[in-house]
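Novice: Pasting a structure below so you can have a look.
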Amino acid sequence: MTIATTTSEDHNHSAGHEEHPDLRVWGLLTFLASESLMFGGFFATYLFFRSTTAVWPPEGSELELLVPTINTIILVSSSFVIHFGDTAIKKNNVKGMQLWYAITAIMGAIFLGGQVYEYSTLGYGLTTNVFANCFYIMTGFHGLHVFIGLLLILRVLWRSRHPGEYSATNHTFIEMTEIYWHFVDIIWIVLFTLVYVLTLF
């Protein structure tokens with residue numbers, strides 16, 4: 001009788017646990033909101049220095065647009081690609097998800113490679129002047145976020161090797177990875193506009 005009672009209580013506890021809402025996505029959104037405030041602070045500081053400096057960027061701190069523009073096209077396109085992966089897993093198409101996420105990972109790696117190449121060809125460093133300081137901090141911090149997103153994508157691909165790890169009814173981490181990647185994309189669009197496009201005017 002005691003055993004039966006305990007089993008019933010355990011079952012009720014398990015059932016209650018299963019009905020508990022999954023708050024991981026909301027937790028991620030809260031984290032990204034805080035990261036948005038941090039980037040917002042960077043952007044506000046950059047605009048302040050830009051508006052109070054006679055020549056911006058200072059002489060000798062010019063930027064090339066070719067590589068960053070190519071990088072922008074790649075990163076923006078990758079947001080569509082990763083969405084295809086999320087759509088595939090919601091149709092229980094694990095192979096399709098793996099394909100699209102692998103392509104996204106390659107695109108992310110190419111973006112980071114392009115950023116490293118750009119750094120190596122600029123001819124000035126973090127402490128050269130205020131513009132260079134803002135430039136390296138903002139683009140470097142964003143690059144770190146891209147790298148973290150790349151690790152998340154690789155984690156999805158690694159764990160998807162196990163049958164049943166992801167499915168149409170079990171894909172929360174895949175969805176979270178997509179949301180994070182979209183965030184990285186949006187931040188880059190703003191950053192590219194402020195740092196690269198506005199330097200033309």
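Each chain in the structure tokens gets a letter, A, B and so on, in the order shown; residues start at 1 in every chain, and ligands are counted from 1 in the order they appear.
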Please provide the set of residues having any atom within 10 Å of A:Arg161, restricted to only C-alpha atoms, with same-chain residues fewer than 3 positions apart removed, written as a ChimeraX atom specification.

Specialist: /A:94-95,98,156-158,164-166

Novice: Write a file of the selected residues as a CSV table (one decimal), in the first residue's frame, keeping C-alpha atoms.

Specialist:
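Wrote result.csv, looks like this:
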```
chain,number,residue,atom,x,y,z
A,94,VAL,CA,16.9,16.1,-39.4
A,95,LYS,CA,19.0,15.7,-42.5
A,98,GLN,CA,21.9,19.4,-40.6
A,156,VAL,CA,23.5,21.4,-32.7
A,157,LEU,CA,25.3,19.6,-35.5
A,158,TRP,CA,27.3,17.4,-33.1
A,164,GLY,CA,16.0,11.2,-31.6
A,165,GLU,CA,18.0,14.1,-30.2
A,166,TYR,CA,16.0,16.6,-32.2
```

Novice: Quick one: residues within 8 Å of stretch 125-139 of chain A, only C-alpha atoms counted, chain neighbours fewer than 6 positions away excluded, as a PyMOL selection string?

Specialist: chain A and resi 39+42+46+49+56-58+61+191+195

Novice: What's the 7 Å shell around A:Gly149, counting only C-alpha atoms, without same-chain residues fewer than 3 positions away, as a PyMOL selection string?

Specialist: chain A and resi 145-146+152-153+180-181

Novice: Output the selection as an mmCIF file, in the first residue's frame - N, CA and C atoms for each residue.

Specialist:
```cif
data_model
loop_
_atom_site.group_PDB
_atom_site.id
_atom_site.type_symbol
_atom_site.label_atom_id
_atom_site.label_comp_id
_atom_site.auth_asym_id
_atom_site.auth_seq_id
_atom_site.Cartn_x
_atom_site.Cartn_y
_atom_site.Cartn_z
ATOM 1 N N HIS A 145 30.605 37.515 -30.539
ATOM 2 C CA HIS A 145 29.243 36.978 -30.555
ATOM 3 C C HIS A 145 29.021 36.045 -31.744
ATOM 4 N N VAL A 146 29.615 36.377 -32.885
ATOM 5 C CA VAL A 146 29.511 35.488 -34.035
ATOM 6 C C VAL A 146 30.192 34.157 -33.726
ATOM 7 N N LEU A 152 27.495 27.418 -31.027
ATOM 8 C CA LEU A 152 26.141 26.899 -30.779
ATOM 9 C C LEU A 152 25.653 26.067 -31.971
ATOM 10 N N ILE A 153 25.931 26.550 -33.170
ATOM 11 C CA ILE A 153 25.539 25.814 -34.376
ATOM 12 C C ILE A 153 26.268 24.473 -34.442
ATOM 13 N N TYR A 180 19.435 33.508 -31.604
ATOM 14 C CA TYR A 180 20.723 34.140 -31.297
ATOM 15 C C TYR A 180 21.411 34.601 -32.583
ATOM 16 N N TRP A 181 21.363 33.767 -33.611
ATOM 17 C CA TRP A 181 22.034 34.108 -34.875
ATOM 18 C C TRP A 181 21.368 35.316 -35.534
#
```

Novice: Between A:Val55, A:Ala44, A:Leu198, A:Val25, which one has atoms that come closest to A:Glu178, using only C-alpha atoms?

Specialist: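 Checking each of A:Val55, A:Ala44, A:Leu198, A:Val25 against A:Glu178, counting only C-alpha atoms, the winner is A:Val25.
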
Novice: Rounded to one decimal place, report the atom CA of A:Gly123-atom CA of A:Trp188 distance in Å.

Specialist: 22.5 Å

Novice: So that I can check the surroundings of A:Thr69, please list as a list in words every protein, DNA and RNA residue that reaches within 12 Å of it, counting only C-alpha atoms and ignoring chain neighbours fewer than 2 positions away.

Specialist: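 Near A:Thr69, the qualifying residues are Leu63, Glu64, Leu65, Leu66, Val67, Asn71, Thr72, Ile73, Ile74, Leu75, Val76, Phe111, Gly114, Gln115, Glu118, Trp188, Ile189, Leu191, Phe192, Thr193, Val195, Tyr196 and Val197 of chain A.
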
Novice: For the residues in the current selection, export N, CA and C atoms as a short mmCIF file (atom, residue, chain, number, x, y, z; two decimals), in the first residue's frame.

Specialist:
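Generated output (selection.cif):
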```cif
data_model
loop_
_atom_site.label_atom_id
_atom_site.label_comp_id
_atom_site.auth_asym_id
_atom_site.auth_seq_id
_atom_site.Cartn_x
_atom_site.Cartn_y
_atom_site.Cartn_z
N LEU A 63 38.64 53.30 -43.83
CA LEU A 63 38.14 51.93 -43.92
C LEU A 63 37.91 51.54 -45.38
N GLU A 64 38.17 50.28 -45.69
CA GLU A 64 37.83 49.72 -46.98
C GLU A 64 36.44 49.09 -46.88
N LEU A 65 35.65 49.25 -47.94
CA LEU A 65 34.27 48.77 -47.90
C LEU A 65 34.07 47.40 -48.54
N LEU A 66 35.00 46.97 -49.37
CA LEU A 66 34.77 45.75 -50.14
C LEU A 66 34.57 44.52 -49.25
N VAL A 67 35.54 44.23 -48.40
CA VAL A 67 35.46 43.04 -47.54
C VAL A 67 34.29 43.13 -46.57
N ASN A 71 31.17 40.59 -46.37
CA ASN A 71 30.84 39.97 -45.09
C ASN A 71 29.39 40.21 -44.71
N THR A 72 28.90 41.42 -44.98
CA THR A 72 27.52 41.74 -44.66
C THR A 72 26.55 40.89 -45.47
N ILE A 73 26.83 40.75 -46.75
CA ILE A 73 25.99 39.91 -47.61
C ILE A 73 25.96 38.47 -47.11
N ILE A 74 27.13 37.98 -46.71
CA ILE A 74 27.23 36.60 -46.22
C ILE A 74 26.44 36.43 -44.93
N LEU A 75 26.60 37.37 -43.99
CA LEU A 75 25.94 37.23 -42.69
C LEU A 75 24.44 37.38 -42.81
N VAL A 76 23.99 38.36 -43.59
CA VAL A 76 22.55 38.53 -43.79
C VAL A 76 21.94 37.30 -44.46
N PHE A 111 32.71 34.68 -42.49
CA PHE A 111 32.57 36.03 -41.95
C PHE A 111 33.72 36.35 -41.00
N GLY A 114 36.91 36.81 -42.87
CA GLY A 114 36.94 38.11 -43.52
C GLY A 114 37.28 39.23 -42.55
N GLN A 115 36.77 39.09 -41.32
CA GLN A 115 37.06 40.11 -40.30
C GLN A 115 38.54 40.08 -39.91
N GLU A 118 40.46 41.68 -42.65
CA GLU A 118 40.32 43.14 -42.61
C GLU A 118 41.24 43.74 -41.55
N TRP A 188 24.93 43.43 -36.47
CA TRP A 188 25.91 43.74 -37.52
C TRP A 188 25.37 44.75 -38.52
N ILE A 189 24.10 44.64 -38.89
CA ILE A 189 23.51 45.58 -39.83
C ILE A 189 23.60 47.01 -39.29
N LEU A 191 25.70 48.04 -36.93
CA LEU A 191 27.13 48.37 -36.82
C LEU A 191 27.70 48.75 -38.19
N PHE A 192 27.38 47.98 -39.20
CA PHE A 192 27.89 48.23 -40.54
C PHE A 192 27.41 49.60 -41.04
N THR A 193 26.16 49.92 -40.76
CA THR A 193 25.61 51.21 -41.19
C THR A 193 26.32 52.37 -40.50
N VAL A 195 29.34 52.43 -38.77
CA VAL A 195 30.80 52.49 -38.88
C VAL A 195 31.28 52.60 -40.31
N TYR A 196 30.63 51.89 -41.22
CA TYR A 196 31.12 51.84 -42.59
C TYR A 196 30.36 52.80 -43.52
N VAL A 197 29.05 52.67 -43.54
CA VAL A 197 28.26 53.46 -44.50
C VAL A 197 28.33 54.95 -44.18
#
```

Novice: Name all residues at most 9 Å from A:His182 (count only C-alpha atoms; drop same-chain ones fewer than 2 positions away) and give them as a list of chain:residue names.

Specialist: A:Val76, A:Ser78, A:Ser79, A:Ile82, A:Thr177, A:Glu178, A:Ile179, A:Tyr180, A:Val184, A:Asp185, A:Ile186, A:Ile187

Novice: Hey, what does DSSP flag as alpha helix (DSSP H) within chain A? Can you give it to me as number ranges by chain?

Specialist: A: 2-19, 24-52, 66-90, 94-122, 130-159, 172-192

Novice: One decimal, in Å: what's the spacing between atom CA of A:Leu200 and atom CA of A:Arg50?

Specialist: 12.8 Å

Novice: Rounded to one decimal, what separation in Å do you get between atom CA of A:His83 and atom CA of A:Thr104?

Specialist: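 Atom CA of A:Thr104 lies 9.6 Å from atom CA of A:His83.
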
Novice: I need the residue nearest A:Thr169 from this list: A:Phe201, A:Lys91, A:Val190, A:Thr45. Use only C-alpha atoms for the distance.

Specialist: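 Ranking A:Phe201, A:Lys91, A:Val190, A:Thr45 by distance to A:Thr169, first place goes to A:Lys91.
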
Novice: Using only C-alpha atoms, pick whichever of A:Val116, A:Gly96, A:Phe48, A:Ile148 has the shortest atom-to-atom distance to A:Pro68.

Specialist: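 Among the listed residues, A:Val116 lies closest to A:Pro68.
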